[in-house]
file structure-v5.cif (mmCIF, C-alpha atoms)
data_entry
#
loop_
_atom_site.label_atom_id
_atom_site.label_comp_id
_atom_site.auth_asym_id
_atom_site.auth_seq_id
_atom_site.Cartn_x
_atom_site.Cartn_y
_atom_site.Cartn_z
CA MET A 1 -4.57 -33.87 24.56
CA LEU A 2 -4.36 -33.02 28.23
CA LEU A 3 -3.28 -29.76 29.75
CA ASP A 4 -0.06 -29.84 31.67
CA LEU A 5 -0.63 -27.84 34.84
CA SER A 6 2.41 -26.90 36.89
CA GLU A 7 2.45 -27.17 40.70
CA GLU A 8 2.45 -23.41 41.01
CA HIS A 9 -0.52 -23.19 38.75
CA LYS A 10 -2.42 -25.80 40.75
CA GLU A 11 -1.67 -23.85 43.89
CA HIS A 12 -3.16 -20.70 42.44
CA LEU A 13 -6.23 -22.52 41.32
CA ALA A 14 -6.60 -24.13 44.76
CA PHE A 15 -8.21 -20.88 45.83
CA LEU A 16 -11.27 -21.51 43.67
CA PRO A 17 -13.02 -24.26 45.66
CA ARG A 18 -12.79 -22.07 48.77
CA VAL A 19 -15.30 -19.60 47.39
CA ASP A 20 -18.85 -19.76 46.11
CA ASN A 21 -19.49 -20.89 42.59
CA ALA A 22 -21.01 -17.50 41.94
CA VAL A 23 -17.68 -15.95 42.84
CA VAL A 24 -15.86 -18.35 40.52
CA ALA A 25 -18.18 -17.28 37.74
CA GLU A 26 -17.35 -13.67 38.58
CA PHE A 27 -13.64 -14.48 38.48
CA GLY A 28 -14.19 -16.00 35.08
CA ARG A 29 -15.69 -12.76 33.87
CA ILE A 30 -12.75 -10.80 35.34
CA ALA A 31 -10.33 -13.22 33.65
CA VAL A 32 -11.82 -12.62 30.21
CA GLU A 33 -11.91 -8.87 30.87
CA PHE A 34 -8.22 -9.14 31.79
CA LEU A 35 -7.54 -10.65 28.39
CA ARG A 36 -9.54 -8.01 26.63
CA ARG A 37 -8.25 -4.97 28.42
CA GLY A 38 -5.45 -5.83 30.80
CA ALA A 39 -5.37 -6.18 34.57
CA ASN A 40 -7.28 -3.86 36.84
CA PRO A 41 -5.82 -3.96 40.39
CA LYS A 42 -8.79 -2.11 41.86
CA ILE A 43 -11.08 -5.01 41.03
CA TYR A 44 -8.79 -7.41 42.87
CA GLU A 45 -8.80 -5.18 45.94
CA GLY A 46 -12.57 -4.91 45.98
CA ALA A 47 -13.02 -8.66 45.68
CA ALA A 48 -10.32 -9.31 48.31
CA ARG A 49 -12.11 -7.13 50.81
CA LYS A 50 -15.44 -8.81 50.24
CA LEU A 51 -13.94 -12.29 50.58
CA SER A 52 -11.64 -11.42 53.50
CA VAL A 53 -8.53 -12.64 51.77
CA SER A 54 -5.45 -10.88 50.56
CA SER A 55 -5.49 -9.05 47.25
CA ASP A 56 -2.60 -11.24 46.09
CA THR A 57 -4.61 -14.42 46.57
CA VAL A 58 -7.41 -13.06 44.46
CA GLN A 59 -4.99 -11.95 41.78
CA ARG A 60 -3.31 -15.33 41.62
CA GLY A 61 -6.65 -17.08 41.50
CA VAL A 62 -7.81 -14.95 38.59
CA GLU A 63 -4.49 -15.30 36.78
CA GLY A 64 -4.56 -19.06 37.29
CA LEU A 65 -8.04 -19.16 35.83
CA THR A 66 -6.96 -16.95 32.93
CA TYR A 67 -4.06 -19.22 32.13
CA LEU A 68 -6.30 -22.28 32.31
CA LEU A 69 -8.73 -20.72 29.87
CA THR A 70 -6.11 -19.40 27.44
CA GLU A 71 -4.12 -22.62 27.29
CA SER A 72 -7.26 -24.63 26.67
CA SER A 73 -8.46 -22.18 24.02
CA LYS A 74 -5.06 -22.05 22.34
CA LEU A 75 -4.89 -25.80 22.00
CA MET A 76 -8.58 -26.01 21.23
CA ILE A 77 -8.85 -29.07 23.45
CA SER A 78 -12.01 -31.10 23.40
CA GLU A 79 -14.59 -31.07 26.20
CA LEU A 80 -13.46 -34.48 27.35
CA ASP A 81 -9.82 -33.47 27.49
CA PHE A 82 -10.68 -30.34 29.40
CA GLN A 83 -12.66 -32.29 31.96
CA ASP A 84 -9.85 -34.82 32.36
CA SER A 85 -7.27 -32.06 32.76
CA VAL A 86 -9.31 -30.30 35.42
CA PHE A 87 -10.08 -33.56 37.18
CA VAL A 88 -6.54 -33.73 38.62
CA LEU A 89 -7.24 -30.58 40.61
CA GLY A 90 -9.68 -32.51 42.75
CA PHE A 91 -12.49 -30.01 42.58
CA SER A 92 -16.16 -30.74 43.13
CA GLU A 93 -18.19 -31.92 40.18
CA GLU A 94 -20.21 -28.71 40.24
CA LEU A 95 -17.05 -26.59 40.04
CA ASN A 96 -15.71 -28.75 37.23
CA ARG A 97 -18.90 -28.21 35.27
CA LEU A 98 -18.69 -24.49 35.88
CA LEU A 99 -15.12 -24.35 34.62
CA LEU A 100 -16.06 -26.34 31.53
CA GLN A 101 -18.90 -23.95 30.84
CA LEU A 102 -16.59 -20.98 31.23
CA TYR A 103 -14.21 -22.57 28.75
CA LEU A 104 -16.87 -23.31 26.16
CA ASP A 105 -18.59 -19.94 26.49
CA ASN A 106 -15.41 -17.90 26.11
CA ARG A 107 -13.27 -20.04 23.85
CA LYS A 108 -14.16 -18.29 20.60
CA GLU A 109 -13.48 -14.82 21.94
CA ILE A 110 -10.25 -15.85 23.62
CA ARG A 111 -9.03 -17.38 20.38
CA THR A 112 -9.81 -14.14 18.56
CA ILE A 113 -7.79 -12.19 21.11
CA LEU A 114 -4.91 -14.68 20.87
CA SER A 115 -4.89 -14.44 17.08
CA GLU A 116 -4.10 -10.77 17.44
CA LEU A 117 -0.84 -11.67 19.18
CA ALA A 118 0.62 -13.33 16.10
CA PRO A 119 3.50 -11.67 14.20
CA ASP A 120 1.61 -8.88 12.75
CA LEU A 121 1.60 -7.44 9.29
CA PRO A 122 -0.60 -4.51 8.55
CA SER A 123 -3.97 -5.88 7.67
CA TYR A 124 -6.54 -4.56 5.27
CA HIS A 125 -9.34 -2.48 6.73
CA SER A 126 -10.99 -0.73 3.81
CA LEU A 127 -10.44 1.29 0.67
CA GLU A 128 -11.83 4.51 -0.79
CA TRP A 129 -11.32 5.62 -4.36
CA ARG A 130 -11.76 8.67 -6.53
CA LEU A 131 -11.44 9.35 -10.25
CA ASP A 132 -9.32 12.33 -11.23
CA VAL A 133 -8.32 13.85 -14.53
CA GLN A 134 -5.19 15.97 -14.62
CA LEU A 135 -5.76 18.94 -16.91
CA ALA A 136 -2.48 20.82 -16.62
CA SER A 137 0.71 21.09 -14.66
CA ARG A 138 3.44 23.67 -14.33
CA SER A 139 5.42 21.96 -17.07
CA LEU A 140 2.64 21.00 -19.50
CA ARG A 141 -0.69 22.58 -20.34
CA GLN A 142 -3.80 21.11 -21.96
CA GLN A 143 -3.51 17.60 -20.64
CA ILE A 144 -6.10 14.90 -20.23
CA LYS A 145 -4.53 12.42 -17.88
CA PRO A 146 -6.99 10.15 -16.04
CA ALA A 147 -5.94 8.69 -12.72
CA VAL A 148 -7.52 6.80 -9.89
CA THR A 149 -6.71 8.04 -6.40
CA ILE A 150 -6.97 5.43 -3.69
CA LYS A 151 -7.03 5.77 0.08
CA LEU A 152 -6.03 2.49 1.64
CA HIS A 153 -6.96 1.96 5.31
CA LEU A 154 -4.80 -0.50 7.17
CA ASN A 155 -4.66 -1.76 10.76
CA GLN A 156 -1.54 -2.74 12.59
CA ASN A 157 -1.32 -3.57 16.27
CA GLY A 158 -4.48 -1.63 16.86
CA ASP A 159 -3.22 1.46 15.03
CA HIS A 160 -5.12 2.65 12.06
CA THR A 161 -2.98 3.97 9.20
CA THR A 162 -3.93 5.31 5.82
CA GLN A 163 -1.96 5.51 2.59
CA VAL A 164 -2.96 7.70 -0.29
CA LEU A 165 -1.90 6.26 -3.62
CA GLN A 166 -2.57 6.75 -7.25
CA THR A 167 -2.70 4.59 -10.32
CA ASP A 168 -3.54 4.84 -14.00
CA PRO A 169 -6.47 3.08 -15.70
CA ALA A 170 -4.34 0.37 -17.29
CA THR A 171 -2.69 -0.57 -14.02
CA LEU A 172 -6.07 -0.55 -12.29
CA LEU A 173 -7.37 -3.17 -14.70
CA HIS A 174 -4.19 -5.16 -14.19
CA LEU A 175 -4.64 -5.01 -10.39
CA VAL A 176 -8.24 -6.21 -10.65
CA ARG A 177 -7.25 -9.11 -12.91
CA GLN A 178 -4.38 -10.21 -10.69
CA LEU A 179 -6.40 -10.08 -7.48
CA GLU A 180 -9.35 -11.89 -9.06
CA GLN A 181 -6.93 -14.65 -9.97
CA ALA A 182 -5.81 -14.73 -6.35
CA LEU A 183 -9.41 -15.23 -5.23
CA GLU A 184 -9.94 -17.95 -7.85
CA GLU A 185 -7.01 -19.91 -6.43
CA MET A 186 -8.99 -20.87 -3.34
CA LYS A 187 -11.47 -22.66 -5.56
CA THR A 188 -8.92 -24.86 -7.32
CA SER A 189 -8.83 -28.57 -6.58
CA HIS A 190 -5.35 -28.27 -5.10
CA CYS A 191 -6.42 -25.79 -2.46
CA ARG A 192 -9.61 -27.65 -1.74
CA ARG A 193 -7.63 -30.82 -1.18
CA VAL A 194 -5.29 -29.09 1.27
CA VAL A 195 -8.16 -27.56 3.21
CA ARG A 196 -9.93 -30.90 3.35
CA ASN A 197 -6.94 -32.86 4.53
CA ILE A 198 -5.18 -30.61 6.98
CA LYS A 199 -7.34 -30.50 10.04
CA MET B 200 4.81 33.02 -26.83
CA GLU B 201 6.78 35.36 -24.68
CA LEU B 202 10.41 34.68 -24.13
CA SER B 203 13.14 36.61 -22.36
CA GLU B 204 15.55 39.08 -23.88
CA TYR B 205 18.35 36.57 -23.47
CA VAL B 206 16.48 34.12 -25.69
CA GLN B 207 15.66 36.80 -28.23
CA LYS B 208 19.32 37.86 -28.46
CA GLY B 209 20.34 34.24 -28.93
CA PHE B 210 17.79 33.83 -31.70
CA GLN B 211 18.95 36.98 -33.44
CA MET B 212 22.40 35.42 -33.71
CA LEU B 213 20.92 32.13 -34.81
CA ALA B 214 18.96 33.87 -37.56
CA ASP B 215 22.07 35.52 -38.93
CA PRO B 216 23.63 33.54 -41.80
CA GLY B 217 26.89 35.36 -41.09
CA CYS B 218 26.96 33.77 -37.63
CA PHE B 219 25.48 30.39 -38.48
CA ASP B 220 25.63 28.98 -41.98
CA PRO B 221 22.74 26.60 -42.88
CA ASN B 222 24.71 23.51 -41.88
CA ALA B 223 25.73 24.95 -38.50
CA PHE B 224 22.14 26.07 -37.91
CA THR B 225 20.81 22.57 -38.51
CA LEU B 226 23.46 21.05 -36.26
CA LEU B 227 22.76 23.45 -33.43
CA LEU B 228 19.03 22.88 -33.72
CA ARG B 229 19.44 19.14 -33.58
CA ALA B 230 21.85 19.48 -30.65
CA ALA B 231 19.22 21.47 -28.75
CA PHE B 232 16.59 18.78 -29.23
CA GLN B 233 19.06 16.08 -28.38
CA SER B 234 20.11 17.73 -25.10
CA LEU B 235 16.52 17.89 -24.03
CA LEU B 236 15.25 14.53 -25.15
CA ASP B 237 18.18 12.17 -25.10
CA ALA B 238 18.83 10.89 -21.61
CA GLN B 239 22.44 10.11 -22.47
CA ALA B 240 23.24 13.50 -23.96
CA ASP B 241 26.04 15.51 -22.36
CA GLU B 242 28.10 18.63 -23.05
CA ALA B 243 29.75 16.90 -26.01
CA VAL B 244 26.56 17.47 -27.99
CA LEU B 245 28.05 20.78 -29.22
CA ASP B 246 31.42 19.21 -30.09
CA HIS B 247 30.79 18.82 -33.80
CA PRO B 248 33.69 19.74 -36.15
CA ASP B 249 31.35 21.92 -38.24
CA LEU B 250 30.61 24.08 -35.18
CA LYS B 251 34.24 24.55 -34.17
CA HIS B 252 34.63 27.83 -36.01
CA ILE B 253 31.94 29.52 -33.92
CA ASP B 254 32.76 31.28 -30.67
CA PRO B 255 31.89 28.84 -27.82
CA VAL B 256 30.12 31.58 -25.85
CA VAL B 257 27.87 32.31 -28.83
CA LEU B 258 27.31 28.59 -29.31
CA LYS B 259 26.20 28.10 -25.73
CA HIS B 260 23.99 31.17 -25.77
CA CYS B 261 22.19 30.06 -28.92
CA HIS B 262 21.91 26.47 -27.72
CA ALA B 263 20.31 27.66 -24.47
CA ALA B 264 17.99 30.01 -26.36
CA ALA B 265 16.84 27.25 -28.69
CA ALA B 266 16.29 24.82 -25.83
CA THR B 267 14.29 27.40 -23.86
CA CYS B 268 12.11 28.14 -26.87
CA ILE B 269 11.49 24.45 -27.52
CA LEU B 270 10.46 23.85 -23.92
CA GLU B 271 8.15 26.83 -23.84
CA ALA B 272 6.52 25.79 -27.08
CA GLY B 273 6.07 22.27 -25.76
CA LYS B 274 4.63 23.50 -22.49
CA GLN B 275 2.10 25.74 -24.21
CA ARG B 276 1.34 23.09 -26.85
CA ALA B 277 2.14 25.69 -29.47
CA ASP B 278 0.93 24.98 -32.97
CA LYS B 279 2.91 25.57 -36.14
CA SER B 280 1.54 29.04 -36.73
CA THR B 281 2.40 30.28 -33.22
CA LEU B 282 5.93 28.98 -33.56
CA SER B 283 6.33 30.42 -37.08
CA THR B 284 5.10 33.81 -35.94
CA TYR B 285 7.59 33.91 -33.11
CA LEU B 286 10.47 32.86 -35.35
CA GLU B 287 9.45 35.45 -37.96
CA ASP B 288 9.63 38.10 -35.28
CA CYS B 289 13.16 36.91 -34.58
CA LYS B 290 14.03 37.56 -38.24
CA PHE B 291 14.45 33.91 -39.22
CA ASP B 292 14.27 33.33 -42.96
CA ARG B 293 11.63 31.01 -44.45
CA GLU B 294 14.00 28.10 -44.77
CA ARG B 295 15.11 28.23 -41.13
CA ILE B 296 11.53 28.57 -39.95
CA GLU B 297 10.56 25.47 -41.93
CA LEU B 298 13.50 23.54 -40.54
CA PHE B 299 12.71 24.52 -36.95
CA CYS B 300 9.04 23.62 -37.32
CA THR B 301 9.82 20.28 -38.94
CA GLU B 302 12.27 19.34 -36.20
CA TYR B 303 9.75 20.46 -33.62
CA GLN B 304 6.99 18.40 -35.20
CA ASN B 305 9.21 15.31 -35.30
CA ASN B 306 10.08 15.60 -31.64
CA LYS B 307 6.75 16.88 -30.35
CA ASN B 308 5.53 13.60 -28.87
CA SER B 309 8.73 12.86 -26.98
CA LEU B 310 8.78 16.41 -25.74
CA GLU B 311 5.24 16.22 -24.41
CA ILE B 312 5.91 12.91 -22.72
CA LEU B 313 8.96 14.40 -21.05
CA LEU B 314 7.14 17.49 -19.85
CA GLY B 315 4.15 15.50 -18.70
CA SER B 316 6.34 13.30 -16.54
CA ILE B 317 7.80 16.22 -14.61
CA GLY B 318 5.99 17.15 -11.48
CA ARG B 319 4.89 15.99 -8.09
CA SER B 320 2.34 13.32 -7.78
CA LEU B 321 1.13 10.83 -5.25
CA PRO B 322 2.97 7.54 -4.91
CA HIS B 323 2.01 5.57 -7.97
CA ILE B 324 1.04 1.89 -7.89
CA THR B 325 2.85 -0.01 -10.60
CA ASP B 326 2.19 -3.64 -9.80
CA VAL B 327 0.73 -6.07 -7.30
CA SER B 328 1.84 -9.45 -6.09
CA TRP B 329 -0.04 -11.80 -3.85
CA ARG B 330 0.51 -14.90 -1.78
CA LEU B 331 -2.11 -17.34 -0.60
CA GLU B 332 -1.34 -19.22 2.58
CA TYR B 333 -3.12 -21.63 4.82
CA GLN B 334 -2.53 -20.77 8.47
CA ILE B 335 -2.17 -23.78 10.71
CA LYS B 336 -0.83 -22.51 13.96
CA THR B 337 1.11 -19.81 15.77
CA ASN B 338 2.84 -20.11 19.10
CA GLN B 339 -0.18 -18.40 20.65
CA LEU B 340 -2.88 -20.24 18.82
CA HIS B 341 -3.02 -23.79 17.57
CA LYS B 342 -5.40 -25.41 15.11
CA MET B 343 -6.17 -22.28 13.14
CA TYR B 344 -6.90 -23.74 9.67
CA ARG B 345 -7.77 -20.68 7.75
CA PRO B 346 -6.64 -19.25 4.43
CA ALA B 347 -5.07 -15.81 4.34
CA TYR B 348 -3.70 -13.59 1.61
CA LEU B 349 -0.62 -11.42 1.67
CA VAL B 350 -0.83 -8.63 -0.88
CA THR B 351 2.12 -6.43 -1.86
CA LEU B 352 1.67 -3.26 -3.88
CA ASN B 353 4.72 -2.04 -5.77
CA VAL B 354 4.79 1.71 -5.57
CA GLU B 355 6.89 4.31 -7.33
CA ASN B 356 7.62 7.72 -5.85
CA THR B 357 8.18 10.27 -8.59
CA ASP B 358 10.17 12.74 -6.56
CA SER B 359 12.41 10.49 -4.54
CA GLY B 360 12.60 7.81 -7.20
CA SER B 361 12.29 5.31 -4.41
CA HIS B 362 10.29 2.13 -4.68
CA PRO B 363 8.70 1.40 -1.35
CA GLU B 364 6.36 -1.52 -1.04
CA ILE B 365 3.10 -1.63 0.77
CA SER B 366 2.28 -5.05 2.14
CA PHE B 367 -0.74 -6.12 4.04
CA SER B 368 -2.55 -9.27 4.96
CA CYS B 369 -6.21 -9.93 4.44
CA SER B 370 -8.79 -12.65 4.71
CA MET B 371 -10.73 -13.93 1.74
CA GLU B 372 -13.70 -11.70 2.59
CA GLN B 373 -11.48 -8.66 2.87
CA LEU B 374 -9.85 -9.40 -0.46
CA GLN B 375 -13.29 -9.72 -2.01
CA ASP B 376 -14.15 -6.33 -0.58
CA LEU B 377 -10.95 -4.84 -1.99
CA VAL B 378 -11.47 -6.35 -5.44
CA GLY B 379 -15.13 -5.28 -5.44
CA LYS B 380 -14.19 -1.68 -4.75
CA LEU B 381 -11.47 -1.66 -7.41
CA LYS B 382 -13.94 -3.08 -9.92
CA ASP B 383 -16.39 -0.29 -9.06
CA ALA B 384 -13.63 2.22 -9.74
CA SER B 385 -12.78 0.70 -13.10
CA LYS B 386 -16.45 0.51 -14.12
CA SER B 387 -16.83 4.18 -13.25
CA LEU B 388 -13.76 4.93 -15.30
CA GLU B 389 -15.21 3.05 -18.27
CA ARG B 390 -18.48 4.95 -18.02
CA ALA B 391 -16.67 8.27 -17.73
CA THR B 392 -14.64 7.64 -20.87
CA GLN B 393 -17.77 6.83 -22.84
CA LEU B 394 -19.40 10.16 -22.14
#

call {"tool": "encode", "arguments": {"input": "structure-v5.cif", "output": "structure tokens"}}
result
Amino acid sequence: MLLDLSEEHKEHLAFLPRVDNAVVAEFGRIAVEFLRRGANPKIYEGAARKLSVSSDTVQRGVEGLTYLLTESSKLMISELDFQDSVFVLGFSEELNRLLLQLYLDNRKEIRTILSELAPDLPSYHSLEWRLDVQLASRSLRQQIKPAVTIKLHLNQNGDHTTQVLQTDPATLLHLVRQLEQALEEMKTSHCRRVVRNIK
Amino acid sequence: MELSEYVQKGFQMLADPGCFDPNAFTLLLRAAFQSLLDAQADEAVLDHPDLKHIDPVVLKHCHAAAATCILEAGKQRADKSTLSTYLEDCKFDRERIELFCTEYQNNKNSLEILLGSIGRSLPHITDVSWRLEYQIKTNQLHKMYRPAYLVTLNVENTDSGSHPEISFSCSMEQLQDLVGKLKDASKSLERATQL
């Protein structure tokens, strides 16, 4: 599957052959940093000064490179497809190899970052538990009421939330049984077949 | 057991056969238990024909006194002798004491369950449901091919009576971590109950 690069995109990338390969490698690093942490205009200005070009040109070059890398990572295109896609830009063979290397080196991380953009439900982080026995309350003395107190740590959109919950011993056993069944499901022949055949 | 003057006055009237004949006494006693323990009970609980001849103000006073005494006894987990002693001090005759204690004994369990359920507590997990899915792609990421679980905990809030749900997603490893920790908790619980 080939990448479809728009004219505008090709224009932005046209900046790359005009600089050293070392600079392209540096742009690659800035591009991945951009994905990790967002744009940093100061970096563009610094690079622009050193290369005697406008800050805009640098920015577009980096953004073009970022888009190239993210689209390729998103589609998980093969090496061959990447090379063919980049070929239409008419770059030197050395530059093409450099771009391919950038793609392969950063693909895994970029895909991890992209996976965080999906519609997000809170996700499990960890769990702490504590055993308690209630001995008395305002309305009833001399009790022996065991309970398990649970602190559930969840992540959502980078925020860490916690929920404090409680349950009784019988429900705890029920929870364990139900969730063990959930884990067992992955090992059934049905699930194995799906995993094997959908690739 | 220490109860207020209001309760004591009510009991004095209840002890008096001139005020309450044996039948009326039994009916009032049962009405008191019913008001406390029967979720559907309402004001009509005192509307029995055999109680009509008694002044409604007296009826309500004694009903309230009996109910208060029952609750206090339940709260303190009073035994038969404590209850008897208190009723003796209120000048109940032997027969009425026996009747009260028998009724109390019959309803003791329900009473304790009721009292034990009153109070603030943390949101309580009542059930769990799960969903296993195989993620193929999102609009940001194609060719994912990984299993994921969606777990929903059903939770009950004692004070607001609401039933919020807590849902979260997790990978297989994370679910294993979760189950492992819950199993540790239940093993600890087992060991604690064997001590």

call {"tool": "atom_distance", "arguments": {"input": "structure-v5.cif", "atom1": "CA of Pro169 in chain A", "atom2": "CA of Ser309 in chain B"}}
result
21.3 Å

call {"tool": "closest_residue", "arguments": {"input": "structure-v5.cif", "among": "A:Gly61, A:Gly158, A:Pro146, A:Gly90", "to": "chain B", "atoms": "only C-alpha atoms"}}
result
A:Pro146

call {"tool": "residues_around", "arguments": {"input": "structure-v5.cif", "residues": "Asp278 in chain B", "least_positions_apart": "5", "cutoff": "10 Å", "atoms": "only C-alpha atoms", "output": "list in words"}}
result
Ala272, Gly273, Ser283, Cys300, Tyr303 and Gln304 of chain B

call {"tool": "write_last_selection", "arguments": {"input": "structure-v5.cif", "atoms": "C-alpha atoms", "output": "compact mmCIF listing (two decimals), in the coordinates of the input"}}
result
# COMPACT_ATOMS: atom_id res chain seq x y z
CA ALA B 272 6.52 25.79 -27.08
CA GLY B 273 6.07 22.27 -25.76
CA SER B 283 6.33 30.42 -37.08
CA CYS B 300 9.04 23.62 -37.32
CA TYR B 303 9.75 20.46 -33.62
CA GLN B 304 6.99 18.40 -35.20

call {"tool": "interface_residues", "arguments": {"input": "structure-v5.cif", "of": "chain A", "to": "chain B", "cutoff": "8 Å", "atoms": "only C-alpha atoms", "output": "number ranges by chain"}}
result
A: 73-76, 111, 114-115, 117-118, 121-131, 137-142, 148, 154, 164-167, 169, 171-176, 178-180, 182-183, 195, 198-199

call {"tool": "closest_residue", "arguments": {"input": "structure-v5.cif", "among": "B:Arg390, B:Arg229, B:Lys279, B:His262", "to": "Lys208 in chain B", "atoms": "all atoms listed in the file"}}
result
B:His262

call {"tool": "resolve_selection", "arguments": {"input": "structure-v5.cif", "expression": "the PyMOL selection byres ((chain B and resi 233) around 12)", "output": "PyMOL selection string"}}
result
chain B and resi 226-232+234-245+262+265-266+269+302-303+306+309-310

call {"tool": "closest_atom_pairs", "arguments": {"input": "structure-v5.cif", "of": "range 203-268 of chain B", "to": "range 286-292 of chain B", "cutoff": "7 Å", "atoms": "all atoms listed in the file", "output": "tab-separated table"}}
result
residue	atom	partner	partner_atom	distance
B:Gln207	CA	B:Cys289	CA	6.8
B:Phe210	CA	B:Cys289	CA	6.3
B:Gln211	CA	B:Cys289	CA	5.9
B:Ala214	CA	B:Phe291	CA	4.8
